[in-house]
file upload-v4.pdb (PDB, C-alpha atoms)
ATOM      1  CA  MET R1392     -27.321 186.462  16.760
ATOM      2  CA  SER R1393     -23.878 187.300  15.367
ATOM      3  CA  TYR R1394     -22.284 184.419  13.426
ATOM      4  CA  THR R1395     -18.641 183.842  12.494
ATOM      5  CA  ALA R1396     -17.667 181.881   9.380
ATOM      6  CA  LEU R1397     -14.337 180.296   8.530
ATOM      7  CA  ILE R1398     -13.742 180.385   4.779
ATOM      8  CA  LEU R1399     -11.298 177.927   3.228
ATOM      9  CA  GLY R1400      -9.967 178.382  -0.303
ATOM     10  CA  ASP R1401      -6.575 177.901  -1.903
ATOM     11  CA  THR R1402      -6.572 181.343  -3.572
ATOM     12  CA  ALA R1403      -7.848 184.813  -2.732
ATOM     13  CA  ALA R1404     -10.263 184.577  -5.670
ATOM     14  CA  THR R1405     -11.865 181.309  -4.503
ATOM     15  CA  ARG R1406     -12.140 182.595  -0.946
ATOM     16  CA  GLY R1407     -13.721 185.776  -2.281
ATOM     17  CA  ASN R1408     -16.332 183.813  -4.242
ATOM     18  CA  VAL R1409     -17.404 181.920  -1.133
ATOM     19  CA  ALA R1410     -17.435 185.128   0.919
ATOM     20  CA  GLU R1411     -19.678 186.760  -1.688
ATOM     21  CA  CYS R1412     -22.191 183.943  -1.333
ATOM     22  CA  LEU R1413     -22.266 184.454   2.414
ATOM     23  CA  ASP R1414     -22.498 188.249   2.152
ATOM     24  CA  LYS R1415     -25.610 187.997  -0.004
ATOM     25  CA  THR R1416     -27.439 186.058   2.684
ATOM     26  CA  GLY R1417     -26.714 188.650   5.384
ATOM     27  CA  LEU R1418     -26.360 185.885   7.984
ATOM     28  CA  VAL R1419     -22.644 186.102   8.756
ATOM     29  CA  GLN R1420     -21.216 189.150  10.495
ATOM     30  CA  ARG R1421     -17.587 188.021  10.768
ATOM     31  CA  LYS R1422     -15.396 186.077   8.344
ATOM     32  CA  LEU R1423     -11.982 184.475   8.829
ATOM     33  CA  TYR R1424      -9.943 183.247   5.863
ATOM     34  CA  CYS R1425      -7.431 180.442   5.380
ATOM     35  CA  LYS R1426      -5.878 178.627   2.453
ATOM     36  CA  ASP R1427      -5.286 175.143   3.854
ATOM     37  CA  ALA R1428      -6.557 172.652   6.445
ATOM     38  CA  ARG R1429      -3.636 173.259   8.797
ATOM     39  CA  ARG R1430      -4.448 176.951   9.125
ATOM     40  CA  ALA R1431      -8.167 176.159   9.379
ATOM     41  CA  ILE R1432      -7.573 173.954  12.419
ATOM     42  CA  ARG R1433      -5.501 176.701  14.005
ATOM     43  CA  TRP R1434      -8.309 179.235  13.559
ATOM     44  CA  LEU R1435     -10.827 176.770  14.962
ATOM     45  CA  THR R1436      -8.785 176.382  18.142
ATOM     46  CA  GLU R1437      -8.327 180.153  18.554
ATOM     47  CA  TYR R1438     -11.763 181.490  17.594
ATOM     48  CA  ASP R1439     -15.403 180.637  18.189
ATOM     49  CA  ILE R1440     -16.431 179.492  14.703
ATOM     50  CA  ASP R1441     -20.098 178.868  13.863
ATOM     51  CA  ILE R1442     -19.761 177.506  10.326
ATOM     52  CA  VAL R1443     -17.009 176.414   7.919
ATOM     53  CA  CYS R1444     -17.427 177.234   4.225
ATOM     54  CA  CYS R1445     -15.038 175.821   1.624
ATOM     55  CA  ASP R1446     -14.437 176.244  -2.085
ATOM     56  CA  TRP R1447     -15.051 172.829  -3.609
ATOM     57  CA  ARG R1448     -13.264 171.397  -6.653
ATOM     58  CA  TRP R1449     -11.751 168.065  -7.561
ATOM     59  CA  ASP R1450      -8.198 169.363  -7.068
ATOM     60  CA  VAL R1451      -8.836 170.408  -3.441
ATOM     61  CA  SER R1452     -10.563 167.200  -2.341
ATOM     62  CA  GLU R1453      -7.515 165.943  -0.449
ATOM     63  CA  GLU R1454      -7.282 169.182   1.533
ATOM     64  CA  ILE R1455     -10.983 169.027   2.455
ATOM     65  CA  ALA R1456     -10.636 165.351   3.381
ATOM     66  CA  ASP R1457      -7.783 166.230   5.760
ATOM     67  CA  LEU R1458      -9.914 168.935   7.382
ATOM     68  CA  MET R1459     -12.921 166.647   7.814
ATOM     69  CA  GLY R1460     -10.739 163.939   9.312
ATOM     70  CA  VAL R1461      -9.641 166.280  12.089
ATOM     71  CA  LEU R1462     -13.109 167.754  12.665
ATOM     72  CA  ARG R1463     -14.787 164.383  13.071
ATOM     73  CA  ARG R1464     -12.139 163.138  15.484
ATOM     74  CA  ARG R1465     -12.665 166.049  17.868
ATOM     75  CA  ALA R1466     -15.871 165.863  19.917
ATOM     76  CA  GLU R1467     -16.132 169.649  20.268
ATOM     77  CA  TRP R1468     -16.388 169.990  16.471
ATOM     78  CA  HIS R1469     -18.807 167.161  15.719
ATOM     79  CA  ASP R1470     -21.758 169.536  15.397
ATOM     80  CA  LEU R1471     -19.880 172.210  13.411
ATOM     81  CA  PRO R1472     -21.568 172.640  10.001
ATOM     82  CA  VAL R1473     -19.224 172.374   7.005
ATOM     83  CA  LEU R1474     -20.555 173.600   3.651
ATOM     84  CA  LEU R1475     -18.847 173.135   0.286
ATOM     85  CA  PHE R1476     -19.482 175.697  -2.452
ATOM     86  CA  SER R1477     -19.066 174.438  -6.004
ATOM     87  CA  THR R1478     -18.836 176.538  -9.183
ATOM     88  CA  VAL R1479     -19.952 173.629 -11.406
ATOM     89  CA  ASP R1480     -23.049 171.444 -11.446
ATOM     90  CA  ASP R1481     -21.296 168.087 -11.283
ATOM     91  CA  ARG R1482     -23.218 165.206  -9.713
ATOM     92  CA  GLU R1483     -20.064 163.168  -9.158
ATOM     93  CA  LEU R1484     -18.407 166.123  -7.432
ATOM     94  CA  TRP R1485     -21.487 166.582  -5.239
ATOM     95  CA  MET R1486     -21.436 162.912  -4.181
ATOM     96  CA  ALA R1487     -17.695 163.005  -3.538
ATOM     97  CA  GLY R1488     -18.184 165.979  -1.241
ATOM     98  CA  MET R1489     -21.008 164.376   0.692
ATOM     99  CA  GLU R1490     -18.987 161.199   1.159
ATOM    100  CA  LEU R1491     -16.383 163.240   3.011
ATOM    101  CA  GLY R1492     -18.978 163.807   5.744
ATOM    102  CA  VAL R1493     -19.721 167.486   5.126
ATOM    103  CA  SER R1494     -23.089 169.016   5.998
ATOM    104  CA  GLU R1495     -24.027 170.015   2.443
ATOM    105  CA  VAL R1496     -22.659 170.864  -1.005
ATOM    106  CA  LEU R1497     -24.135 174.073  -2.476
ATOM    107  CA  PRO R1498     -23.759 175.421  -6.021
ATOM    108  CA  GLN R1499     -22.452 178.985  -5.944
ATOM    109  CA  ALA R1500     -25.006 179.800  -8.654
ATOM    110  CA  LEU R1501     -27.870 178.940  -6.285
ATOM    111  CA  SER R1502     -30.274 181.819  -5.726
ATOM    112  CA  MET R1503     -29.560 184.050  -2.744
ATOM    113  CA  LYS R1504     -32.915 183.176  -1.189
ATOM    114  CA  GLU R1505     -32.287 179.430  -1.348
ATOM    115  CA  GLN R1506     -28.714 179.792  -0.078
ATOM    116  CA  ARG R1507     -29.962 181.859   2.842
ATOM    117  CA  VAL R1508     -32.566 179.249   3.784
ATOM    118  CA  LYS R1509     -30.053 176.381   3.655
ATOM    119  CA  ILE R1510     -27.258 178.189   5.494
ATOM    120  CA  ARG R1511     -29.649 179.489   8.134
ATOM    121  CA  TRP R1512     -30.958 175.955   8.709
ATOM    122  CA  HIS R1513     -27.438 174.652   9.400
ATOM    123  CA  LEU R1514     -26.673 177.512  11.783
ATOM    124  CA  LYS R1515     -29.917 177.038  13.708
ATOM    125  CA  ASN R1516     -29.485 173.281  13.755
ATOM    126  CA  ARG R1517     -26.103 173.702  15.430
ATOM    127  CA  GLU R1518     -27.702 175.973  18.030
ATOM    128  CA  ARG R1519     -30.330 173.313  18.734
ATOM    129  CA  ILE R1520     -27.664 170.621  19.121
ATOM    130  CA  GLN R1521     -25.601 172.807  21.464
ATOM    131  CA  ALA R1522     -28.680 173.626  23.546
ATOM    132  CA  LEU R1523     -29.402 169.894  23.803
ATOM    133  CA  HIS R1524     -25.847 169.177  24.926
ATOM    134  CA  GLN R1525     -26.085 171.896  27.572
ATOM    135  CA  ALA R1526     -29.376 170.486  28.825
ATOM    136  CA  GLN R1527     -27.887 166.993  28.989
ATOM    137  CA  SER R1528     -24.861 168.288  30.899
ATOM    138  CA  GLN R1529     -27.119 170.108  33.322
ATOM    139  CA  LEU R1530     -29.231 166.997  33.893
ATOM    140  CA  ALA R1531     -26.093 164.940  34.460
ATOM    141  CA  ARG R1532     -24.854 167.502  36.959
ATOM    142  CA  ILE R1533     -28.211 167.474  38.768
ATOM    143  CA  ALA R1534     -28.152 163.681  38.945
ATOM    144  CA  LEU R1535     -24.717 163.756  40.577
ATOM    145  CA  SER R1536     -25.233 166.784  42.831
ATOM    146  CA  ASP R1537     -26.774 167.444  46.205
ATOM    147  CA  SER R1538     -29.685 169.835  45.713
ATOM    148  CA  LEU R1539     -29.116 171.757  48.953
ATOM    149  CA  THR R1540     -25.355 172.337  48.997
ATOM    150  CA  GLY R1541     -24.533 172.004  45.305
ATOM    151  CA  LEU R1542     -21.743 169.565  46.166
ATOM    152  CA  PHE R1543     -21.363 166.203  44.477
ATOM    153  CA  ASN R1544     -23.535 163.483  46.000
ATOM    154  CA  ARG R1545     -22.831 159.989  47.299
ATOM    155  CA  ALA R1546     -23.221 158.379  43.875
ATOM    156  CA  TYR R1547     -20.498 160.624  42.474
ATOM    157  CA  PHE R1548     -18.305 159.947  45.508
ATOM    158  CA  ASP R1549     -18.591 156.177  45.046
ATOM    159  CA  ALA R1550     -17.540 156.416  41.404
ATOM    160  CA  THR R1551     -14.712 158.872  42.050
ATOM    161  CA  ILE R1552     -13.105 157.105  45.003
ATOM    162  CA  SER R1553     -12.816 153.920  42.932
ATOM    163  CA  GLN R1554     -11.244 155.836  40.043
ATOM    164  CA  GLU R1555      -8.762 157.601  42.315
ATOM    165  CA  ILE R1556      -7.733 154.361  43.995
ATOM    166  CA  ALA R1557      -7.080 152.802  40.595
ATOM    167  CA  ARG R1558      -5.152 155.859  39.353
ATOM    168  CA  CYS R1559      -3.031 156.223  42.466
ATOM    169  CA  SER R1560      -2.348 152.486  42.477
ATOM    170  CA  ARG R1561      -1.029 152.615  38.904
ATOM    171  CA  ARG R1562       1.271 155.544  39.675
ATOM    172  CA  GLY R1563       2.272 154.594  43.216
ATOM    173  CA  LEU R1564       0.791 157.763  44.723
ATOM    174  CA  PRO R1565      -0.734 158.350  48.191
ATOM    175  CA  LEU R1566      -4.447 158.918  48.675
ATOM    176  CA  THR R1567      -6.229 160.503  51.625
ATOM    177  CA  LEU R1568      -9.891 160.800  52.534
ATOM    178  CA  LEU R1569     -11.388 163.320  54.953
ATOM    179  CA  MET R1570     -14.727 162.644  56.606
ATOM    180  CA  VAL R1571     -16.249 165.811  58.080
ATOM    181  CA  ASP R1572     -19.257 165.535  60.380
ATOM    182  CA  LEU R1573     -21.116 168.441  62.009
ATOM    183  CA  ASP R1574     -21.258 168.189  65.794
ATOM    184  CA  HIS R1575     -24.638 168.056  67.550
ATOM    185  CA  PHE R1576     -26.477 168.724  64.300
ATOM    186  CA  LYS R1577     -29.739 167.348  65.660
ATOM    187  CA  LYS R1578     -29.559 169.927  68.443
ATOM    188  CA  ILE R1579     -29.225 172.702  65.845
ATOM    189  CA  ASN R1580     -32.359 171.501  64.079
ATOM    190  CA  ASP R1581     -34.290 171.019  67.329
ATOM    191  CA  THR R1582     -33.260 174.376  68.810
ATOM    192  CA  HIS R1583     -33.113 176.694  65.806
ATOM    193  CA  GLY R1584     -35.231 174.883  63.241
ATOM    194  CA  HIS R1585     -34.520 172.906  60.082
ATOM    195  CA  LEU R1586     -33.985 176.032  57.989
ATOM    196  CA  ALA R1587     -31.141 176.967  60.319
ATOM    197  CA  GLY R1588     -29.774 173.463  59.893
ATOM    198  CA  ASP R1589     -29.904 173.897  56.119
ATOM    199  CA  ARG R1590     -28.015 177.191  56.423
ATOM    200  CA  ALA R1591     -25.352 175.430  58.450
ATOM    201  CA  LEU R1592     -24.964 172.709  55.829
ATOM    202  CA  GLU R1593     -24.710 175.273  53.032
ATOM    203  CA  ALA R1594     -22.153 177.332  54.943
ATOM    204  CA  VAL R1595     -20.026 174.293  55.722
ATOM    205  CA  ALA R1596     -20.185 173.224  52.077
ATOM    206  CA  GLN R1597     -18.812 176.629  51.080
ATOM    207  CA  VAL R1598     -15.974 176.275  53.579
ATOM    208  CA  LEU R1599     -15.052 172.840  52.256
ATOM    209  CA  THR R1600     -15.066 174.075  48.664
ATOM    210  CA  SER R1601     -13.012 177.166  49.412
ATOM    211  CA  GLN R1602     -10.396 175.155  51.313
ATOM    212  CA  SER R1603     -10.025 172.454  48.650
ATOM    213  CA  ARG R1604      -7.952 172.248  45.489
ATOM    214  CA  THR R1605      -9.463 171.838  42.048
ATOM    215  CA  SER R1606      -8.050 168.300  42.002
ATOM    216  CA  ASP R1607      -9.938 167.412  45.216
ATOM    217  CA  THR R1608     -13.466 166.036  45.220
ATOM    218  CA  VAL R1609     -15.873 167.476  47.794
ATOM    219  CA  CYS R1610     -19.109 165.552  48.370
ATOM    220  CA  ARG R1611     -22.049 165.482  50.701
ATOM    221  CA  PHE R1612     -21.730 161.934  51.962
ATOM    222  CA  GLY R1613     -25.110 161.915  53.666
ATOM    223  CA  GLY R1614     -27.041 163.894  56.264
ATOM    224  CA  GLU R1615     -24.619 166.232  58.033
ATOM    225  CA  GLU R1616     -21.532 164.314  56.881
ATOM    226  CA  PHE R1617     -19.191 165.360  54.084
ATOM    227  CA  ALA R1618     -16.299 163.634  52.353
ATOM    228  CA  ILE R1619     -13.249 165.122  50.634
ATOM    229  CA  ILE R1620     -11.055 162.958  48.415
ATOM    230  CA  LEU R1621      -7.470 164.254  48.408
ATOM    231  CA  PRO R1622      -5.469 162.555  45.651
ATOM    232  CA  GLU R1623      -1.673 162.551  45.809
ATOM    233  CA  THR R1624      -1.829 163.806  49.406
ATOM    234  CA  THR R1625       0.031 162.398  52.394
ATOM    235  CA  ASN R1626      -1.504 162.010  55.830
ATOM    236  CA  CYS R1627       0.640 164.856  57.154
ATOM    237  CA  ASN R1628      -0.489 167.320  54.493
ATOM    238  CA  ALA R1629      -4.087 166.186  54.847
ATOM    239  CA  ALA R1630      -3.933 166.903  58.571
ATOM    240  CA  ILE R1631      -3.000 170.511  57.814
ATOM    241  CA  VAL R1632      -5.976 170.837  55.470
ATOM    242  CA  ALA R1633      -8.304 169.167  57.966
ATOM    243  CA  GLU R1634      -7.281 171.469  60.806
ATOM    244  CA  ARG R1635      -7.722 174.514  58.602
ATOM    245  CA  ILE R1636     -11.220 173.334  57.682
ATOM    246  CA  ARG R1637     -12.107 172.670  61.305
ATOM    247  CA  LYS R1638     -11.065 176.182  62.334
ATOM    248  CA  LYS R1639     -12.930 177.818  59.437
ATOM    249  CA  ILE R1640     -16.140 175.981  60.354
ATOM    250  CA  ALA R1641     -15.809 176.973  64.031
ATOM    251  CA  GLN R1642     -15.477 180.615  62.932
ATOM    252  CA  LEU R1643     -18.764 180.636  61.022
ATOM    253  CA  ASP R1644     -21.170 183.343  62.211
ATOM    254  CA  LEU R1645     -24.670 181.917  61.725
ATOM    255  CA  GLY R1646     -26.283 183.139  64.950
ATOM    256  CA  PHE R1647     -25.528 179.831  66.642
ATOM    257  CA  PRO R1648     -22.309 177.823  67.127
ATOM    258  CA  VAL R1649     -21.279 175.295  64.489
ATOM    259  CA  THR R1650     -18.360 172.913  64.884
ATOM    260  CA  ALA R1651     -17.258 169.786  63.081
ATOM    261  CA  SER R1652     -15.207 166.687  63.755
ATOM    262  CA  VAL R1653     -12.834 165.452  61.048
ATOM    263  CA  GLY R1654     -11.482 161.974  60.465
ATOM    264  CA  ILE R1655      -8.501 161.322  58.196
ATOM    265  CA  GLY R1656      -8.015 158.056  56.376
ATOM    266  CA  SER R1657      -4.747 157.687  54.463
ATOM    267  CA  ALA R1658      -3.509 154.698  52.576
ATOM    268  CA  LYS R1659      -0.517 153.456  50.670
ATOM    269  CA  VAL R1660      -2.519 152.531  47.619
ATOM    270  CA  THR R1661      -2.142 148.967  46.374
ATOM    271  CA  LYS R1662      -4.183 146.750  44.091
ATOM    272  CA  SER R1663      -5.776 145.143  47.164
ATOM    273  CA  LEU R1664      -7.128 148.440  48.479
ATOM    274  CA  LEU R1665     -10.900 148.812  48.219
ATOM    275  CA  PRO R1666     -13.016 151.937  48.733
ATOM    276  CA  ASP R1667     -14.498 150.395  51.902
ATOM    277  CA  HIS R1668     -10.999 150.122  53.367
ATOM    278  CA  ILE R1669     -10.118 153.791  53.229
ATOM    279  CA  ILE R1670     -13.692 154.834  54.135
ATOM    280  CA  ALA R1671     -13.495 152.613  57.208
ATOM    281  CA  GLU R1672     -10.171 154.204  58.162
ATOM    282  CA  ALA R1673     -11.562 157.742  57.880
ATOM    283  CA  ASP R1674     -14.737 156.694  59.692
ATOM    284  CA  GLY R1675     -12.734 155.167  62.504
ATOM    285  CA  ALA R1676     -10.750 158.360  62.915
ATOM    286  CA  LEU R1677     -13.974 160.376  62.853
ATOM    287  CA  TYR R1678     -15.420 158.169  65.562
ATOM    288  CA  GLU R1679     -12.322 158.837  67.675
ATOM    289  CA  ALA R1680     -12.751 162.583  67.174
ATOM    290  CA  LYS R1681     -16.342 162.309  68.375
ATOM    291  CA  ARG R1682     -15.357 160.114  71.341
ATOM    292  CA  LYS R1683     -12.638 162.531  72.439
ATOM    293  CA  GLY R1684     -14.955 165.504  72.652
ATOM    294  CA  ARG R1685     -15.753 166.640  69.080
ATOM    295  CA  ASN R1686     -14.504 169.766  67.268
ATOM    296  CA  ARG R1687     -11.168 168.076  66.611
ATOM    297  CA  VAL R1688      -9.182 166.211  63.958
ATOM    298  CA  GLU R1689      -8.113 162.595  64.314
ATOM    299  CA  SER R1690      -6.064 160.500  61.920
ATOM    300  CA  SER R1691      -5.778 156.821  61.064
ATOM    301  CA  VAL R1692      -3.049 155.669  58.693
ATOM    302  CA  LEU R1693      -3.460 152.455  56.706
ATOM    303  CA  ASN R1694      -0.118 151.186  55.402
ATOM    304  CA  THR R1695      -0.928 147.700  54.164
ATOM    305  CA  GLY R1696      -3.962 148.492  52.052
ATOM    306  CA  VAL R1697      -5.975 145.871  53.975
ATOM    307  CA  VAL R1698      -8.389 146.356  56.854
ATOM    308  CA  SER R1699      -8.400 143.243  59.014
ATOM    309  CA  ASP R1700     -12.015 143.564  60.138
ATOM    310  CA  LEU R1701     -14.283 145.133  57.574
ATOM    311  CA  HIS R1702     -17.177 144.732  59.966
ATOM    312  CA  LEU R1703     -15.606 147.729  61.765
ATOM    313  CA  PHE R1704     -16.736 149.791  58.812
ATOM    314  CA  ARG R1705     -20.379 149.134  59.671
ATOM    315  CA  LYS R1706     -19.668 149.611  63.380
ATOM    316  CA  PHE R1707     -18.010 152.980  62.832
ATOM    317  CA  ARG R1708     -20.749 154.091  60.458
ATOM    318  CA  ALA R1709     -23.478 153.218  62.995
ATOM    319  CA  ALA R1710     -21.578 154.886  65.845
ATOM    320  CA  VAL R1711     -20.997 158.102  63.905
ATOM    321  CA  ALA R1712     -24.626 158.210  62.838
ATOM    322  CA  THR R1713     -25.779 158.216  66.458
ATOM    323  CA  ALA R1714     -22.978 160.402  67.869
TER     324      ALA R1714
END

call {"tool": "encode", "arguments": {"input": "upload-v4.pdb", "output": "structure tokens"}}
result
Amino acid sequence: MSYTALILGDTAATRGNVAECLDKTGLVQRKLYCKDARRAIRWLTEYDIDIVCCDWRWDVSEEIADLMGVLRRRAEWHDLPVLLFSTVDDRELWMAGMELGVSEVLPQALSMKEQRVKIRWHLKNRERIQALHQAQSQLARIALSDSLTGLFNRAYFDATISQEIARCSRRGLPLTLLMVDLDHFKKINDTHGHLAGDRALEAVAQVLTSQSRTSDTVCRFGGEEFAIILPETTNCNAAIVAERIRKKIAQLDLGFPVTASVGIGSAKVTKSLLPDHIIAEADGALYEAKRKGRNRVESSVLNTGVVSDLHLFRKFRAAVATA
């Protein structure tokens, strides 16, 4: 693997001494140089740095302390190894360096073999930490994703809708929810098989993603039903999006017809608005779309932020499930 090192030293001579130590190990293929912490931070934001190596003396301790303060405040640099290279064998200097939170303090007079072993360990350790972070991110994504469509799942929807309601409430912004339900999905499964039904779900998921903004949240709500959270979107604009989605789904060429009904729930967000309120509004509109013949868009606008009968939420949900 090709590694890049950032070398910090207040003079060309001190930077050269540190670079010589690295060159002897043969581990670093690219070196960037800077003379102060400010420039070091700039290089770190512009380049992919694998290790930071600094000349270490008492008179540069403040500069190194400034650098470490920034590195440890930024999550993306927490695992970045920082090595200090000292020209003197001073125990107090070594302890002062370690107290700054660096990875290690190395004497420049250390043998090339020992320097190589230590530097290589820090580079490999960072790779292990990054691999662990990637694995954790992947597991988190799996836990919040639908395995068939790749969309976010119901658990992610529940968390996000609450966050968006709170955010829009603070800023006085509109919020709209689309509920998209495939028409006669049971008939597709019964006539063409469950694999065909899976293809339909995957194709619809792709349509929803392609027709949504990066700020929108597209989820598989359950079964053949999908939800799209549209922050900062009025009912009128949401209706345009919903109709475009409906047409795109009806144009899918899967060897059998696929259509969808869409319900729009829009709310003037207030502190009294709950997720169940806007879900019930979208569900009610979806139920109307089903009742009026399917393959259509219906809208329900909630202005007060309060649904008078929350039992309608369960009624709509049961009706849509059997429609």

call {"tool": "resolve_selection", "arguments": {"input": "upload-v4.pdb", "expression": "the PyMOL selection byres ((chain R and resi 1413) around 9)", "output": "PyMOL selection string"}}
result
chain R and resi 1396+1408-1412+1414-1419+1444+1503+1506-1507+1510

call {"tool": "residues_around", "arguments": {"input": "upload-v4.pdb", "residues": "Phe1617 in chain R", "least_positions_apart": "2", "cutoff": "10 Å", "atoms": "only C-alpha atoms", "output": "list in words"}}
result
Leu1542, Phe1543, Asn1544, Arg1545, Leu1569, Met1570, Val1571, Asp1572, Leu1573, Leu1592, Val1595, Ala1596, Leu1599, Val1609, Cys1610, Arg1611, Phe1612, Gly1613, Gly1614, Glu1615, Ile1619 and Val1653 of chain R

call {"tool": "write_last_selection", "arguments": {"input": "upload-v4.pdb", "atoms": "C-alpha atoms", "output": "mmCIF file, in the frame of the given file"}}
result
data_model
loop_
_atom_site.group_PDB
_atom_site.id
_atom_site.type_symbol
_atom_site.label_atom_id
_atom_site.label_comp_id
_atom_site.auth_asym_id
_atom_site.auth_seq_id
_atom_site.Cartn_x
_atom_site.Cartn_y
_atom_site.Cartn_z
ATOM 1 C CA LEU R 1542 -21.743 169.565 46.166
ATOM 2 C CA PHE R 1543 -21.363 166.203 44.477
ATOM 3 C CA ASN R 1544 -23.535 163.483 46.000
ATOM 4 C CA ARG R 1545 -22.831 159.989 47.299
ATOM 5 C CA LEU R 1569 -11.388 163.320 54.953
ATOM 6 C CA MET R 1570 -14.727 162.644 56.606
ATOM 7 C CA VAL R 1571 -16.249 165.811 58.080
ATOM 8 C CA ASP R 1572 -19.257 165.535 60.380
ATOM 9 C CA LEU R 1573 -21.116 168.441 62.009
ATOM 10 C CA LEU R 1592 -24.964 172.709 55.829
ATOM 11 C CA VAL R 1595 -20.026 174.293 55.722
ATOM 12 C CA ALA R 1596 -20.185 173.224 52.077
ATOM 13 C CA LEU R 1599 -15.052 172.840 52.256
ATOM 14 C CA VAL R 1609 -15.873 167.476 47.794
ATOM 15 C CA CYS R 1610 -19.109 165.552 48.370
ATOM 16 C CA ARG R 1611 -22.049 165.482 50.701
ATOM 17 C CA PHE R 1612 -21.730 161.934 51.962
ATOM 18 C CA GLY R 1613 -25.110 161.915 53.666
ATOM 19 C CA GLY R 1614 -27.041 163.894 56.264
ATOM 20 C CA GLU R 1615 -24.619 166.232 58.033
ATOM 21 C CA ILE R 1619 -13.249 165.122 50.634
ATOM 22 C CA VAL R 1653 -12.834 165.452 61.048
#

call {"tool": "atom_distance", "arguments": {"input": "upload-v4.pdb", "atom1": "CA of Leu1501 in chain R", "atom2": "CA of Ala1428 in chain R"}}
result
25.6 Å

call {"tool": "resolve_selection", "arguments": {"input": "upload-v4.pdb", "expression": "the PyMOL selection byres ((chain R and resi 1488-1496) around 9)", "output": "PyMOL selection string"}}
result
chain R and resi 1447+1452+1455-1456+1459-1460+1463+1471-1477+1483-1487+1497-1498+1509+1513

call {"tool": "atom_distance", "arguments": {"input": "upload-v4.pdb", "atom1": "CA of Thr1405 in chain R", "atom2": "CA of Asp1446 in chain R"}}
result
6.2 Å

call {"tool": "atom_distance", "arguments": {"input": "upload-v4.pdb", "atom1": "CA of Ala1534 in chain R", "atom2": "CA of Gly1588 in chain R"}}
result
23.2 Å

call {"tool": "resolve_selection", "arguments": {"input": "upload-v4.pdb", "expression": "the PyMOL selection byres ((chain R and resi 1656-1662) around 7)", "output": "PyMOL selection string"}}
result
chain R and resi 1556+1559-1560+1563-1569+1626+1654-1655+1663-1664+1669-1670+1672-1673+1690-1696

call {"tool": "residues_around", "arguments": {"input": "upload-v4.pdb", "residues": "Ala1633 in chain R", "least_positions_apart": "2", "cutoff": "8 Å", "atoms": "all atoms listed in the file", "output": "PDB file with C-alpha atoms, keeping the file's coordinate frame"}}
result
ATOM      1  CA  LEU R1569     -11.388 163.320  54.953  1.00  0.00           C
ATOM      2  CA  ALA R1629      -4.087 166.186  54.847  1.00  0.00           C
ATOM      3  CA  ALA R1630      -3.933 166.903  58.571  1.00  0.00           C
ATOM      4  CA  ILE R1631      -3.000 170.511  57.814  1.00  0.00           C
ATOM      5  CA  ARG R1635      -7.722 174.514  58.602  1.00  0.00           C
ATOM      6  CA  ILE R1636     -11.220 173.334  57.682  1.00  0.00           C
ATOM      7  CA  ARG R1637     -12.107 172.670  61.305  1.00  0.00           C
ATOM      8  CA  VAL R1653     -12.834 165.452  61.048  1.00  0.00           C
ATOM      9  CA  ILE R1655      -8.501 161.322  58.196  1.00  0.00           C
ATOM     10  CA  VAL R1688      -9.182 166.211  63.958  1.00  0.00           C
TER      11      VAL R1688
END

call {"tool": "residues_near_point", "arguments": {"input": "upload-v4.pdb", "point": "(-29.7, 170.9, 61.0)", "cutoff": "12 Å", "atoms": "all atoms listed in the file", "output": "PyMOL selection string"}}
result
chain R and resi 1572-1595+1614-1616+1647-1649

call {"tool": "residues_around", "arguments": {"input": "upload-v4.pdb", "residues": "Arg1517 in chain R", "least_positions_apart": "5", "cutoff": "10 Å", "atoms": "all atoms listed in the file", "output": "short mmCIF file (atom, residue, chain, number, x, y, z; two decimals) with C-alpha atoms, in the frame of the given file"}}
result
data_model
loop_
_atom_site.label_atom_id
_atom_site.label_comp_id
_atom_site.auth_asym_id
_atom_site.auth_seq_id
_atom_site.Cartn_x
_atom_site.Cartn_y
_atom_site.Cartn_z
CA ASP R 1441 -20.10 178.87 13.86
CA ILE R 1442 -19.76 177.51 10.33
CA HIS R 1469 -18.81 167.16 15.72
CA ASP R 1470 -21.76 169.54 15.40
CA LEU R 1471 -19.88 172.21 13.41
CA PRO R 1472 -21.57 172.64 10.00
CA ARG R 1511 -29.65 179.49 8.13
CA TRP R 1512 -30.96 175.96 8.71
CA ALA R 1522 -28.68 173.63 23.55
CA LEU R 1523 -29.40 169.89 23.80
#

call {"tool": "closest_residue", "arguments": {"input": "upload-v4.pdb", "among": "R:Arg1604, R:Arg1561, R:Arg1448, R:Arg1465", "to": "Leu1435 in chain R", "atoms": "only C-alpha atoms"}}
result
R:Arg1465

call {"tool": "closest_residue", "arguments": {"input": "upload-v4.pdb", "among": "R:Ala1403, R:Ala1531, R:Leu1397, R:Ala1466", "to": "Ile1440 in chain R", "atoms": "all atoms listed in the file"}}
result
R:Leu1397

call {"tool": "residues_around", "arguments": {"input": "upload-v4.pdb", "residues": "Lys1683 in chain R", "least_positions_apart": "6", "cutoff": "12 Å", "atoms": "all atoms listed in the file", "output": "list in words"}}
result
Ser1652, Val1653, Ala1676, Leu1677, Glu1689 and Ala1714 of chain R

call {"tool": "closest_residue", "arguments": {"input": "upload-v4.pdb", "among": "R:Ser1536, R:Lys1426, R:Leu1665, R:Val1479", "to": "Phe1548 in chain R", "atoms": "only C-alpha atoms"}}
result
R:Ser1536
